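Below: one structure, written as structure tokens.
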Amino acid sequence: PLREVGGKALFVKNLETALLEGQADLAVHSMKDVPAVLDEAFEIAAVLPRENPLDAWVSNKYPTFESLPLGASIGTSSLRRQAQLKFLRPDLKILPCRGNLQTRLSHAESGKFDGIILAASGLRRLGLDSKIRHFFQPETMLSAAGQGAIGIEILSDNQFLKDLLQPINHVLSYALVMAERSMCKILN
């Protein structure tokens, strides 16, 4: 599991190393993968307009999560989703579902799982809206902080890039993502 080899922060760390070593000027991230606490050498300089931040239900068998029978199998590797699923439906079998989006979708289509849960934003960005059977509302399944948002990280002392990126910064998306990240930081 990814959490055993450094978690999502592992990818961010590699990109931050490239920034520090001058191999990259900026790093583009899915904001849900960026740790709530950044080293002071880095900052998120811009956030693009946010896509749908909700989690999506994908299944060839069941139109909604609520229509699942007792003991159904759900594919997800997200600890956040696993915890919420166990709260909602303790009877479910929650199984690891890894790989890129196409790999995860192929698992759902092959019948390996009764359904999988994915970020709606990833499906929408790749034109796969038709795979979404149901959106989880925040009252049922709270999305990850920053989910659906693309952010640009730079070295915090690079004023030139800060200024250059401001025209593409979506002020509302930036404010929402930073508020969510602040809450995660407070909650640790």
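FYI, nothing fancy with the structure tokens labels: chains A, B, ... in order, residues from 1 per chain, ligands from 1 as they appear.
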Legend entry - Contacts of segment 30-44 of chain A at 7 Å (only C-alpha atoms; same-chain gap of 3+ positions) as JSON, numbers by chain: {"A": [8, 9, 12, 144, 145, 146, 147, 149, 150, 151, 152, 153, 154, 155, 156, 181, 182, 184, 185]}
Inset, instruction - Using DSSP on the backbone coordinates, identify all residues within chain A classified as helix (DSSP H, G or I); present the result as a ChimeraX atom specification. - result: /A:2-5,9-20,31-33,65-67,79-88,101-110,120-125,129-131,159-168,171-187
Legend entry - 10 Å contact set for segment 96-101 of chain A, only C-alpha atoms, chain neighbours under 3 positions out, as a count of residues only: 22
Inset, instruction - Please run DSSP on the backbone and report, as a list of chain:residue names, all residues within segment 92-126 of chain A that come out as strand (DSSP E or B). - result: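 DSSP on the backbone gives strand (DSSP E or B) at A:Lys93, A:Ile94, A:Leu95, A:Gly115, A:Ile116, A:Ile117, A:Leu118, A:Ala119.
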Selection from above, N, CA and C atoms, as a PDB file, in the first residue's frame, can you write it?
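Heads up, here's the output in part_0.pdb:
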```pdb
ATOM      1  N   LYS A  93     -17.607  -5.375   2.210  1.00  0.00           N
ATOM      2  CA  LYS A  93     -16.225  -5.851   2.095  1.00  0.00           C
ATOM      3  C   LYS A  93     -15.461  -4.781   1.328  1.00  0.00           C
ATOM      4  N   ILE A  94     -14.510  -4.147   1.987  1.00  0.00           N
ATOM      5  CA  ILE A  94     -13.740  -3.086   1.357  1.00  0.00           C
ATOM      6  C   ILE A  94     -12.391  -3.664   0.964  1.00  0.00           C
ATOM      7  N   LEU A  95     -12.121  -3.639  -0.335  1.00  0.00           N
ATOM      8  CA  LEU A  95     -10.926  -4.268  -0.891  1.00  0.00           C
ATOM      9  C   LEU A  95     -10.042  -3.231  -1.566  1.00  0.00           C
ATOM     10  N   GLY A 115     -18.565  -2.322  -6.968  1.00  0.00           N
ATOM     11  CA  GLY A 115     -18.437  -0.926  -7.329  1.00  0.00           C
ATOM     12  C   GLY A 115     -17.149  -0.358  -6.770  1.00  0.00           C
ATOM     13  N   ILE A 116     -16.759   0.790  -7.279  1.00  0.00           N
ATOM     14  CA  ILE A 116     -15.581   1.488  -6.779  1.00  0.00           C
ATOM     15  C   ILE A 116     -15.941   2.944  -6.541  1.00  0.00           C
ATOM     16  N   ILE A 117     -15.128   3.591  -5.732  1.00  0.00           N
ATOM     17  CA  ILE A 117     -15.329   5.009  -5.461  1.00  0.00           C
ATOM     18  C   ILE A 117     -14.100   5.750  -5.943  1.00  0.00           C
ATOM     19  N   LEU A 118     -14.332   6.768  -6.750  1.00  0.00           N
ATOM     20  CA  LEU A 118     -13.260   7.577  -7.331  1.00  0.00           C
ATOM     21  C   LEU A 118     -13.610   9.052  -7.183  1.00  0.00           C
ATOM     22  N   ALA A 119     -12.618   9.896  -7.332  1.00  0.00           N
ATOM     23  CA  ALA A 119     -12.865  11.337  -7.356  1.00  0.00           C
ATOM     24  C   ALA A 119     -13.574  11.678  -8.670  1.00  0.00           C
TER      25      ALA A 119
END
```
Inset, instruction - Find, counting only C-alpha atoms, the residue in A:Gln137, A:Ser59, A:Asn52, A:Thr64 that gets nearest to Ala120 of chain A. - result: A:Asn52
Inset, instruction - Rank nothing, just name the residue among A:Asp129, A:Glu109, A:Asp114, A:Glu66 nearest to Arg89 of chain A, using only C-alpha atoms. - result: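 Looking only at the distances to Arg89 of chain A, the closest residue turns out to be A:Glu66.
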Legend entry - Nearest-residue call for Met178 of chain A, choices A:Leu20, A:Val47, A:Leu15, A:Val28, using only C-alpha atoms: A:Val47
Inset, instruction - Have a look at atom CA of Gly148 of chain A and atom CA of Ser121 of chain A and let me know their distance in Å, one decimal. - result: 5.0 Å
Inset, instruction - Rounded to one decimal place, report the atom CA of Asn169 of chain A-atom CA of Ala46 of chain A distance in Å. - result: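 Atom-to-atom, atom CA of Asn169 of chain A to atom CA of Ala46 of chain A, that is 4.5 Å.
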Inset, instruction - Check the smallest atom-to-atom distance from each of A:Gln23, A:Glu16, A:Ser73, A:Leu79 to Asp91 of chain A using only C-alpha atoms, then report the winner. - result: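 Using only C-alpha atoms, Asp91 of chain A sits closest to A:Ser73.
Note that atom CA of Lys61 of chain A and atom CA of Gly111 of chain A are 8.4 Å apart.
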Legend entry - Nearest to Leu48 of chain A, chosen from A:Leu88, A:Leu161, A:Leu26, A:Val171, with only C-alpha atoms counted in the distances: A:Val171
